[in-house]
file my_file.cif (mmCIF, C-alpha atoms)
data_data
#
loop_
_atom_site.label_atom_id
_atom_site.label_comp_id
_atom_site.auth_asym_id
_atom_site.auth_seq_id
_atom_site.Cartn_x
_atom_site.Cartn_y
_atom_site.Cartn_z
CA MET X 1 -58.31 7.66 -17.03
CA GLY X 2 -56.87 6.04 -20.14
CA THR X 3 -56.45 9.44 -21.77
CA LEU X 4 -54.67 10.83 -18.72
CA GLY X 5 -52.35 7.82 -18.56
CA THR X 6 -51.42 8.18 -22.23
CA ALA X 7 -50.80 11.90 -21.79
CA ALA X 8 -48.60 11.24 -18.75
CA MET X 9 -46.50 8.71 -20.69
CA SER X 10 -46.10 11.15 -23.55
CA ARG X 11 -44.99 13.92 -21.15
CA MET X 12 -42.44 11.60 -19.50
CA ASP X 13 -41.03 10.68 -22.88
CA ASP X 14 -40.61 14.36 -23.75
CA ARG X 15 -39.15 15.57 -20.45
CA LEU X 16 -37.31 12.68 -18.80
CA MET X 17 -34.17 11.57 -20.58
CA TRP X 18 -33.69 8.59 -18.29
CA PHE X 19 -37.22 7.41 -19.06
CA ARG X 20 -36.44 7.27 -22.78
CA ALA X 21 -33.42 5.07 -21.99
CA LEU X 22 -35.53 2.43 -20.19
CA SER X 23 -36.28 -0.90 -21.80
CA ALA X 24 -39.69 -1.35 -23.44
CA GLU X 25 -40.73 -3.66 -20.61
CA ASP X 26 -39.82 -1.16 -17.89
CA ARG X 27 -41.57 1.68 -19.78
CA SER X 28 -44.67 -0.47 -19.96
CA TRP X 29 -44.57 -1.14 -16.23
CA VAL X 30 -44.16 2.58 -15.50
CA GLY X 31 -47.24 3.25 -17.63
CA LEU X 32 -49.25 0.66 -15.72
CA VAL X 33 -48.18 2.14 -12.37
CA ALA X 34 -49.10 5.65 -13.54
CA GLN X 35 -52.53 4.53 -14.72
CA ALA X 36 -53.07 2.59 -11.49
CA GLY X 37 -52.19 5.73 -9.52
CA ILE X 38 -54.67 7.84 -11.47
CA ALA X 39 -57.37 5.19 -11.07
CA ALA X 40 -56.70 5.03 -7.33
CA PHE X 41 -57.06 8.83 -7.10
CA VAL X 42 -60.39 8.76 -8.92
CA GLU X 43 -61.65 5.97 -6.68
CA TRP X 44 -60.53 7.85 -3.58
CA PHE X 45 -62.03 11.17 -4.71
CA GLN X 46 -65.43 9.57 -5.42
CA HIS X 47 -65.95 9.08 -1.69
CA ALA X 48 -65.76 12.80 -0.90
CA GLY X 49 -68.11 13.72 1.90
CA GLU X 50 -68.74 10.14 3.06
CA GLY X 51 -68.63 9.85 6.85
CA GLN X 52 -66.27 12.16 8.70
CA GLY X 53 -63.99 13.60 6.04
CA ARG X 54 -62.37 11.85 3.13
CA PRO X 55 -60.78 8.44 3.83
CA THR X 56 -57.03 7.97 3.80
CA PRO X 57 -55.75 7.57 0.22
CA SER X 58 -54.85 4.04 -0.83
CA ILE X 59 -51.31 3.67 -2.15
CA GLU X 60 -51.48 -0.04 -2.91
CA PHE X 61 -50.98 0.72 -6.61
CA PHE X 62 -47.21 0.68 -5.94
CA GLY X 63 -47.61 -3.06 -5.58
CA THR X 64 -48.32 -3.16 -9.33
CA ALA X 65 -44.60 -2.71 -10.01
CA PRO X 66 -42.38 -5.79 -9.99
CA ARG X 67 -39.36 -5.83 -7.66
CA GLU X 68 -37.02 -5.53 -10.65
CA LEU X 69 -38.53 -2.15 -11.59
CA LYS X 70 -37.80 -0.77 -8.13
CA ARG X 71 -34.15 -1.61 -8.72
CA SER X 72 -34.15 0.00 -12.18
CA ILE X 73 -35.72 3.28 -11.06
CA SER X 74 -34.36 5.36 -8.21
CA LEU X 75 -36.39 7.26 -5.63
CA GLN X 76 -35.55 10.54 -7.36
CA GLN X 77 -36.84 9.17 -10.66
CA THR X 78 -40.03 8.01 -8.95
CA VAL X 79 -40.53 11.57 -7.70
CA ASP X 80 -40.07 12.79 -11.29
CA ILE X 81 -42.80 10.38 -12.44
CA VAL X 82 -45.21 11.57 -9.75
CA ARG X 83 -44.49 15.20 -10.64
CA VAL X 84 -45.22 14.62 -14.33
CA VAL X 85 -48.46 12.77 -13.61
CA VAL X 86 -49.61 15.55 -11.28
CA GLU X 87 -48.79 18.19 -13.89
CA VAL X 88 -50.80 16.33 -16.53
CA VAL X 89 -53.82 16.00 -14.24
CA GLU X 90 -53.58 19.63 -13.07
CA ALA X 91 -53.49 20.86 -16.65
CA GLN X 92 -56.93 19.31 -17.19
CA THR X 93 -58.50 20.32 -13.88
CA GLY X 94 -60.96 22.57 -15.64
CA ASP X 95 -62.28 19.71 -17.74
CA LEU X 96 -62.24 17.15 -14.92
CA ALA X 97 -63.84 19.12 -12.07
CA ALA X 98 -67.54 19.67 -11.62
CA PRO X 99 -68.69 23.29 -12.08
CA GLY X 100 -67.27 25.29 -9.17
CA GLY X 101 -65.27 22.31 -7.87
CA GLU X 102 -61.87 23.27 -9.25
CA ASP X 103 -60.47 24.34 -5.86
CA GLN X 104 -61.81 21.20 -4.18
CA LEU X 105 -60.12 19.04 -6.82
CA GLN X 106 -56.84 20.95 -6.46
CA GLN X 107 -56.81 20.52 -2.69
CA ALA X 108 -57.60 16.82 -3.04
CA MET X 109 -54.74 16.39 -5.48
CA LEU X 110 -52.31 18.11 -3.11
CA ARG X 111 -53.27 15.78 -0.28
CA TYR X 112 -53.19 12.72 -2.48
CA THR X 113 -49.79 13.47 -4.00
CA ARG X 114 -48.37 14.15 -0.53
CA ASP X 115 -49.42 10.69 0.59
CA VAL X 116 -48.09 9.20 -2.63
CA ALA X 117 -44.71 10.82 -1.95
CA PHE X 118 -44.63 9.35 1.55
CA ALA X 119 -45.67 5.97 0.16
CA ALA X 120 -42.84 6.05 -2.39
CA ALA X 121 -40.37 6.85 0.36
CA GLN X 122 -41.67 3.90 2.41
CA VAL X 123 -41.34 1.53 -0.55
CA TYR X 124 -37.74 2.52 -1.17
CA ALA X 125 -36.93 2.50 2.56
CA ARG X 126 -38.14 -1.10 2.83
CA GLU X 127 -36.11 -2.03 -0.23
CA ALA X 128 -33.04 -0.33 1.25
CA GLU X 129 -33.47 -2.18 4.54
CA ALA X 130 -33.82 -5.50 2.75
CA ARG X 131 -30.81 -4.73 0.56
CA GLY X 132 -28.81 -3.64 3.59
CA ALA X 133 -29.51 -6.92 5.38
CA TRP X 134 -28.57 -8.87 2.26
CA ASP X 135 -25.38 -6.84 1.81
CA ALA X 136 -24.44 -7.51 5.44
CA ARG X 137 -24.81 -11.26 4.89
CA LEU X 138 -22.73 -11.10 1.71
CA GLU X 139 -20.06 -9.07 3.49
CA ALA X 140 -19.86 -11.62 6.31
CA LEU X 141 -19.57 -14.45 3.76
CA ILE X 142 -16.71 -12.72 1.93
CA VAL X 143 -14.73 -12.00 5.10
CA ASP X 144 -15.28 -15.54 6.39
CA ALA X 145 -14.23 -17.07 3.04
CA LEU X 146 -11.02 -15.03 2.95
CA VAL X 147 -10.15 -15.89 6.54
CA ARG X 148 -10.63 -19.59 5.83
CA GLY X 149 -8.81 -19.33 2.49
CA GLU X 150 -11.79 -20.61 0.51
CA VAL X 151 -11.42 -18.39 -2.54
CA ASP X 152 -13.36 -19.25 -5.70
CA ASP X 153 -15.39 -17.58 -8.42
CA GLY X 154 -18.28 -17.17 -6.01
CA LEU X 155 -16.21 -14.72 -4.00
CA HIS X 156 -15.90 -12.39 -7.00
CA SER X 157 -19.64 -12.65 -7.64
CA TRP X 158 -20.42 -11.69 -4.06
CA ALA X 159 -17.95 -8.80 -4.18
CA ALA X 160 -19.38 -7.59 -7.48
CA ALA X 161 -22.85 -7.57 -5.95
CA LEU X 162 -21.51 -5.20 -3.29
CA GLY X 163 -19.91 -2.98 -5.93
CA TRP X 164 -16.32 -3.92 -5.04
CA THR X 165 -13.90 -2.89 -7.80
CA SER X 166 -10.87 -1.60 -5.89
CA SER X 167 -7.24 -2.61 -5.88
CA PRO X 168 -4.77 -2.99 -4.30
CA VAL X 169 -6.13 -4.74 -1.22
CA VAL X 170 -4.85 -5.04 2.33
CA VAL X 171 -6.28 -6.86 5.37
CA LEU X 172 -6.07 -5.66 8.97
CA ALA X 173 -6.75 -7.75 12.07
CA GLY X 174 -7.21 -6.62 15.64
CA GLN X 175 -9.43 -6.82 18.69
CA THR X 176 -13.14 -6.05 18.55
CA PRO X 177 -14.15 -2.92 20.48
CA ASP X 178 -16.82 -3.02 23.18
CA ASP X 179 -19.35 -1.34 20.86
CA ASP X 180 -22.12 -3.29 19.14
CA PRO X 181 -20.48 -5.26 16.28
CA GLN X 182 -22.99 -4.04 13.69
CA GLU X 183 -22.40 -0.43 14.72
CA VAL X 184 -18.66 -0.97 14.27
CA ILE X 185 -19.15 -2.39 10.78
CA ASP X 186 -21.59 0.40 9.83
CA ALA X 187 -19.10 3.01 11.04
CA LEU X 188 -16.35 1.42 8.94
CA ARG X 189 -18.57 1.46 5.86
CA GLU X 190 -19.31 5.14 6.43
CA ARG X 191 -15.61 5.89 6.89
CA GLY X 192 -14.90 4.04 3.65
CA ARG X 193 -17.49 6.07 1.72
CA ARG X 194 -16.10 9.33 3.05
CA SER X 195 -12.50 8.44 2.23
CA GLY X 196 -13.23 6.92 -1.18
CA LEU X 197 -12.12 3.42 -0.12
CA ASP X 198 -13.85 0.08 -0.41
CA MET X 199 -14.16 -1.59 2.99
CA LEU X 200 -15.45 -4.96 4.12
CA ALA X 201 -15.47 -5.90 7.79
CA GLY X 202 -16.37 -8.88 9.91
CA VAL X 203 -16.48 -9.57 13.63
CA GLN X 204 -15.41 -13.09 14.58
CA GLY X 205 -15.65 -13.50 18.32
CA ASP X 206 -13.17 -11.05 19.84
CA ARG X 207 -11.46 -10.48 16.48
CA LEU X 208 -12.22 -7.71 13.99
CA ILE X 209 -11.13 -8.24 10.38
CA VAL X 210 -11.15 -5.29 7.97
CA ILE X 211 -10.45 -5.54 4.24
CA VAL X 212 -9.51 -2.26 2.58
CA GLY X 213 -9.31 -1.69 -1.16
CA GLY X 214 -8.18 1.25 -3.23
CA ALA X 215 -5.74 2.90 -0.81
CA ASP X 216 -2.69 4.63 -2.26
CA ASN X 217 -0.54 2.95 0.38
CA VAL X 218 -0.92 0.72 3.40
CA THR X 219 -0.27 3.54 5.86
CA ALA X 220 -3.14 5.55 4.38
CA ALA X 221 -5.44 2.54 4.62
CA ALA X 222 -4.55 1.92 8.27
CA LYS X 223 -5.09 5.55 9.22
CA HIS X 224 -8.78 5.32 8.36
CA VAL X 225 -9.60 2.12 10.23
CA VAL X 226 -7.30 1.92 13.27
CA PRO X 227 -9.61 4.11 15.45
CA ARG X 228 -12.41 1.56 15.03
CA PHE X 229 -10.46 -1.33 16.62
CA GLY X 230 -10.50 -2.21 20.27
CA PRO X 231 -7.44 -2.10 22.56
CA GLY X 232 -4.47 -4.33 21.83
CA PRO X 233 -2.31 -5.00 18.78
CA ILE X 234 -3.43 -4.34 15.21
CA VAL X 235 -1.65 -6.22 12.44
CA ILE X 236 -1.52 -5.21 8.78
CA GLY X 237 -1.23 -8.00 6.25
CA PRO X 238 0.87 -7.57 3.10
CA GLU X 239 -0.61 -5.61 0.22
CA VAL X 240 -1.98 -7.77 -2.62
CA ASN X 241 -3.22 -6.99 -6.12
CA ASP X 242 -6.90 -7.86 -5.76
CA LEU X 243 -9.56 -9.36 -3.55
CA HIS X 244 -8.92 -12.84 -4.91
CA ALA X 245 -5.39 -12.73 -3.46
CA ALA X 246 -6.49 -11.20 -0.16
CA ALA X 247 -6.63 -14.60 1.55
CA SER X 248 -2.84 -14.56 1.92
CA SER X 249 -2.97 -11.08 3.44
CA ALA X 250 -5.68 -12.23 5.85
CA ARG X 251 -3.67 -15.29 6.89
CA ALA X 252 -0.58 -13.18 7.59
CA ALA X 253 -2.56 -10.57 9.54
CA ILE X 254 -4.31 -13.17 11.70
CA ALA X 255 -1.08 -15.10 12.32
CA GLY X 256 0.57 -11.83 13.29
CA LEU X 257 -2.27 -11.02 15.68
CA ARG X 258 -1.78 -14.37 17.43
CA ALA X 259 1.97 -13.86 17.71
CA ALA X 260 1.94 -10.15 18.56
CA ALA X 261 2.08 -10.90 22.28
CA GLY X 262 5.69 -12.01 21.72
CA TRP X 263 6.64 -8.39 20.95
CA PRO X 264 4.96 -6.24 23.62
CA ASP X 265 6.61 -3.05 22.37
CA ALA X 266 5.46 -3.47 18.77
CA PRO X 267 4.04 -0.35 17.13
CA ARG X 268 0.29 -0.07 16.68
CA PRO X 269 -0.46 -0.94 13.98
CA VAL X 270 2.38 -3.29 13.08
CA HIS X 271 3.04 -4.98 9.75
CA ALA X 272 2.77 -8.76 9.63
CA GLU X 273 6.19 -8.77 7.90
CA ASP X 274 7.74 -7.23 11.02
CA LEU X 275 6.43 -10.14 13.09
CA LEU X 276 7.97 -12.91 10.99
CA ALA X 277 10.16 -14.16 13.84
CA GLU X 278 7.31 -14.29 16.37
CA ARG X 279 4.99 -15.88 13.81
CA ALA X 280 7.60 -18.53 12.99
CA ILE X 281 8.10 -19.37 16.66
CA ASP X 282 4.32 -19.53 17.06
CA GLY X 283 4.16 -22.19 14.35
CA ASP X 284 3.22 -20.19 11.26
CA ALA X 285 4.53 -22.32 8.38
CA ALA X 286 4.32 -19.45 5.89
CA ALA X 287 6.45 -17.23 8.15
CA ARG X 288 9.04 -20.00 8.59
CA ALA X 289 9.31 -20.54 4.84
CA GLN X 290 9.62 -16.80 4.24
CA LEU X 291 12.36 -16.40 6.84
CA ILE X 292 14.35 -19.27 5.38
CA GLU X 293 14.00 -17.76 1.92
CA ASN X 294 14.86 -14.24 3.05
CA VAL X 295 17.69 -15.02 5.51
CA TYR X 296 19.18 -18.45 5.09
CA LEU X 297 19.09 -19.19 1.38
CA PRO X 298 20.80 -15.93 0.24
CA LEU X 299 23.75 -16.61 2.62
CA ILE X 300 24.24 -20.37 2.36
CA GLY X 301 27.47 -21.44 0.67
CA THR X 302 29.17 -18.07 1.30
CA PRO X 303 31.45 -16.74 4.07
CA LEU X 304 28.59 -14.44 5.01
CA LEU X 305 26.73 -17.26 6.73
CA ASP X 306 29.60 -18.09 9.10
CA THR X 307 30.22 -14.40 9.67
CA LEU X 308 26.61 -13.78 10.65
CA ALA X 309 26.44 -16.85 12.90
CA THR X 310 29.67 -15.95 14.67
CA TYR X 311 28.68 -12.29 15.03
CA LEU X 312 25.37 -13.21 16.65
CA GLU X 313 26.92 -15.89 18.89
CA GLN X 314 29.50 -13.38 20.11
CA GLY X 315 26.85 -10.92 21.22
CA THR X 316 27.30 -8.71 18.12
CA SER X 317 30.91 -7.98 19.07
CA LEU X 318 32.84 -6.89 16.00
CA GLU X 319 36.31 -7.53 17.50
CA ALA X 320 35.43 -10.97 18.88
CA THR X 321 33.99 -12.00 15.52
CA ALA X 322 37.12 -10.83 13.68
CA ARG X 323 39.40 -12.78 16.06
CA LEU X 324 37.47 -16.02 15.73
CA LEU X 325 37.31 -15.76 11.93
CA PHE X 326 40.97 -14.63 11.65
CA VAL X 327 40.00 -11.59 9.56
CA HIS X 328 40.31 -7.85 9.96
CA PRO X 329 37.40 -6.04 11.68
CA ASN X 330 36.87 -4.05 8.47
CA THR X 331 36.26 -7.33 6.66
CA VAL X 332 33.57 -8.15 9.20
CA ARG X 333 32.03 -4.71 8.69
CA TYR X 334 32.00 -5.24 4.93
CA ARG X 335 30.37 -8.65 5.25
CA LEU X 336 27.71 -7.30 7.63
CA ARG X 337 26.82 -4.63 5.07
CA LYS X 338 26.51 -7.32 2.39
CA ILE X 339 24.25 -9.34 4.69
CA THR X 340 21.99 -6.29 5.05
CA GLU X 341 21.88 -5.85 1.27
CA LEU X 342 20.95 -9.50 0.68
CA THR X 343 18.44 -10.03 3.48
CA GLY X 344 17.06 -6.59 4.25
CA TYR X 345 17.95 -7.04 7.93
CA GLN X 346 20.74 -5.14 9.66
CA PRO X 347 22.73 -7.40 12.03
CA THR X 348 23.85 -4.44 14.16
CA GLU X 349 20.25 -3.54 15.02
CA GLY X 350 18.68 -5.47 17.88
CA ARG X 351 15.32 -6.30 16.34
CA SER X 352 16.86 -7.29 12.99
CA ALA X 353 19.53 -9.37 14.75
CA PHE X 354 16.79 -11.35 16.51
CA THR X 355 15.00 -12.01 13.20
CA LEU X 356 18.27 -13.08 11.57
CA GLN X 357 18.98 -15.43 14.45
CA VAL X 358 15.58 -17.10 14.07
CA GLY X 359 16.09 -17.33 10.31
CA LEU X 360 19.46 -19.05 10.77
CA ILE X 361 18.03 -21.57 13.20
CA LEU X 362 15.11 -22.36 10.92
CA GLY X 363 17.45 -22.75 7.95
CA ARG X 364 19.68 -25.21 9.83
CA LEU X 365 16.66 -27.17 11.01
CA SER X 366 15.28 -27.37 7.48
CA GLU X 367 18.56 -28.88 6.25
CA THR X 368 18.57 -31.38 9.10
CA THR X 369 15.00 -32.39 8.24
CA VAL X 370 15.91 -32.89 4.59
CA THR X 371 18.92 -34.98 5.56
#
call {"tool": "encode", "arguments": {"input": "my_file.cif", "output": "structure tokens"}}
result
Amino acid sequence: MGTLGTAAMSRMDDRLMWFRALSAEDRSWVGLVAQAGIAAFVEWFQHAGEGQGRPTPSIEFFGTAPRELKRSISLQQTVDIVRVVVEVVEAQTGDLAAPGGEDQLQQAMLRYTRDVAFAAAQVYAREAEARGAWDARLEALIVDALVRGEVDDGLHSWAAALGWTSSPVVVLAGQTPDDDPQEVIDALRERGRRSGLDMLAGVQGDRLIVIVGGADNVTAAAKHVVPRFGPGPIVIGPEVNDLHAAASSARAAIAGLRAAAGWPDAPRPVHAEDLLAERAIDGDAAARAQLIENVYLPLIGTPLLDTLATYLEQGTSLEATARLLFVHPNTVRYRLRKITELTGYQPTEGRSAFTLQVGLILGRLSETTVT
């Protein structure tokens, strides 16, 4: 048995490039497992003819390997090891078998190696199930930490353990479908693998949170995950550079989901940025600050602020605004264009006019509070 084990190790070293790249400790463990497998075969074969047929082969020798080795060597590599050991033993069948027992030994080896192959598959299946359960717990921790804004170095460690390396990152929030939550998350993972995206998902009550990394653009990211949400609004948070910054995207997406009822005709999905007015009215401090910065601050101290306020108060009437400001209508048109350039919102468009109105009110209230 010692000679066969040494020969098997030598054959692995010659034929398996990945085996040569293993550490000395891992190579030693592989040798011990190979020798244990050969010893188990000899022990099993000795009981030929006892009782009714040969007993079921014992595959407990896989327990010789430490858990770390199972992570270093894949199932395919384990099959390679088994194949090499079988080839070494087969090459010496003539010397090992009793006179006239060569065929019996060959048949025994075929049965034994079949059971070994099944045993290896079971070992790796159990490891995969355990790893899958651990990954699911890590995924839930990451999503929960981002939703609560508790971002620290531990978050990166958890993400690294899941193989997360993608950027940019965007967070989507919507309603949970009626399907089993774990099935929804598994389906999202599969969709991510097929599309080449990193995806993390979490179900929190009736809310589904999906974190997508590596998409070329937000629209592409949404296209892959929207079908997995339940009915109702879906809100896309702003794109951020990495997972560490995804907490802000998650906050915006969740705030948008709460406020989406204020805009029944919103597209599905809708960007959290397009819900700034509803979010501000709903009490989102970040949305209020952003509206003041985007709308009020660029206009304060200029005639544009009075022009916008008058235009909105007069029901977006160009002529009425011009009369009250004692200017030509073309001057009003020019100022409205400048307002669009500075704020990104077009006063002549209904939805933008509403957002501008909310921004003006918030800006005035902020000055009153300061005073």
call {"tool": "resolve_selection", "arguments": {"input": "my_file.cif", "expression": "the PyMOL selection byres ((chain X and resi 233) around 10)", "output": "list of chain:residue names"}}
result
X:Ala173, X:Gly174, X:Gln175, X:Phe229, X:Gly230, X:Pro231, X:Gly232, X:Ile234, X:Val235, X:Gly256, X:Leu257, X:Arg258, X:Ala259, X:Ala260, X:Ala261, X:Trp263, X:Pro264, X:Asp265, X:Ala266, X:Pro267, X:Arg268, X:Pro269, X:Val270
call {"tool": "write_last_selection", "arguments": {"input": "my_file.cif", "atoms": "C-alpha atoms", "output": "compact mmCIF listing (two decimals), in the coordinates of the input"}}
result
# COMPACT_ATOMS: atom_id res chain seq x y z
CA ALA X 173 -6.75 -7.75 12.07
CA GLY X 174 -7.21 -6.62 15.64
CA GLN X 175 -9.43 -6.82 18.69
CA PHE X 229 -10.46 -1.33 16.62
CA GLY X 230 -10.50 -2.21 20.27
CA PRO X 231 -7.44 -2.10 22.56
CA GLY X 232 -4.47 -4.33 21.83
CA ILE X 234 -3.43 -4.34 15.21
CA VAL X 235 -1.65 -6.22 12.44
CA GLY X 256 0.57 -11.83 13.29
CA LEU X 257 -2.27 -11.02 15.68
CA ARG X 258 -1.78 -14.37 17.43
CA ALA X 259 1.97 -13.86 17.71
CA ALA X 260 1.94 -10.15 18.56
CA ALA X 261 2.08 -10.90 22.28
CA TRP X 263 6.64 -8.39 20.95
CA PRO X 264 4.96 -6.24 23.62
CA ASP X 265 6.61 -3.05 22.37
CA ALA X 266 5.46 -3.47 18.77
CA PRO X 267 4.04 -0.35 17.13
CA ARG X 268 0.29 -0.07 16.68
CA PRO X 269 -0.46 -0.94 13.98
CA VAL X 270 2.38 -3.29 13.08
call {"tool": "residues_around", "arguments": {"input": "my_file.cif", "residues": "segment 209-213 of chain X", "least_positions_apart": "4", "cutoff": "9 Å", "atoms": "all atoms listed in the file", "output": "VMD selection string"}}
result
chain X and resid 143 147 164 to 176 185 188 192 197 to 204 221 to 222 225 242 to 243 246 250 253 to 254
call {"tool": "atom_distance", "arguments": {"input": "my_file.cif", "atom1": "atom CA of Val327 of chain X", "atom2": "atom CA of Ala353 of chain X"}}
result
21.2 Å
call {"tool": "atom_distance", "arguments": {"input": "my_file.cif", "atom1": "atom CA of Glu273 of chain X", "atom2": "atom CA of Ser249 of chain X"}}
result
10.4 Å
call {"tool": "residues_around", "arguments": {"input": "my_file.cif", "residues": "Ala247 of chain X", "least_positions_apart": "4", "cutoff": "9 Å", "atoms": "only C-alpha atoms", "output": "VMD selection string"}}
result
chain X and resid 145 to 151 171 243 251 to 252
call {"tool": "closest_residue", "arguments": {"input": "my_file.cif", "among": "X:Gln76, X:Gln92, X:Gln35, X:Gln46", "to": "Leu16 of chain X", "atoms": "all atoms listed in the file"}}
result
X:Gln76
call {"tool": "closest_residue", "arguments": {"input": "my_file.cif", "among": "X:Leu308, X:Leu365, X:Ala97, X:Ala272", "to": "Ala322 of chain X", "atoms": "only C-alpha atoms"}}
result
X:Leu308
call {"tool": "atom_distance", "arguments": {"input": "my_file.cif", "atom1": "atom CA of Ala187 of chain X", "atom2": "atom CA of Val226 of chain X"}}
result
12.1 Å
call {"tool": "closest_residue", "arguments": {"input": "my_file.cif", "among": "X:Glu313, X:Leu299, X:Thr368, X:Leu291", "to": "Thr355 of chain X", "atoms": "all atoms listed in the file"}}
result
X:Leu291
call {"tool": "closest_residue", "arguments": {"input": "my_file.cif", "among": "X:Gly31, X:Gly101, X:Pro177, X:Gly94", "to": "Ile81 of chain X", "atoms": "all atoms listed in the file"}}
result
X:Gly31
call {"tool": "residues_around", "arguments": {"input": "my_file.cif", "residues": "His224 of chain X", "least_positions_apart": "4", "cutoff": "8 Å", "atoms": "all atoms listed in the file", "output": "list in words"}}
result
Arg191, Gly192, Ser195 and Ala220 of chain X
call {"tool": "resolve_selection", "arguments": {"input": "my_file.cif", "expression": "the PyMOL selection byres ((chain X and resi 336-344) around 12)", "output": "ChimeraX atom specification"}}
result
/X:273-274,290-300,302-312,316-318,321-322,329-335,345-349,352-353,355-356,359-360
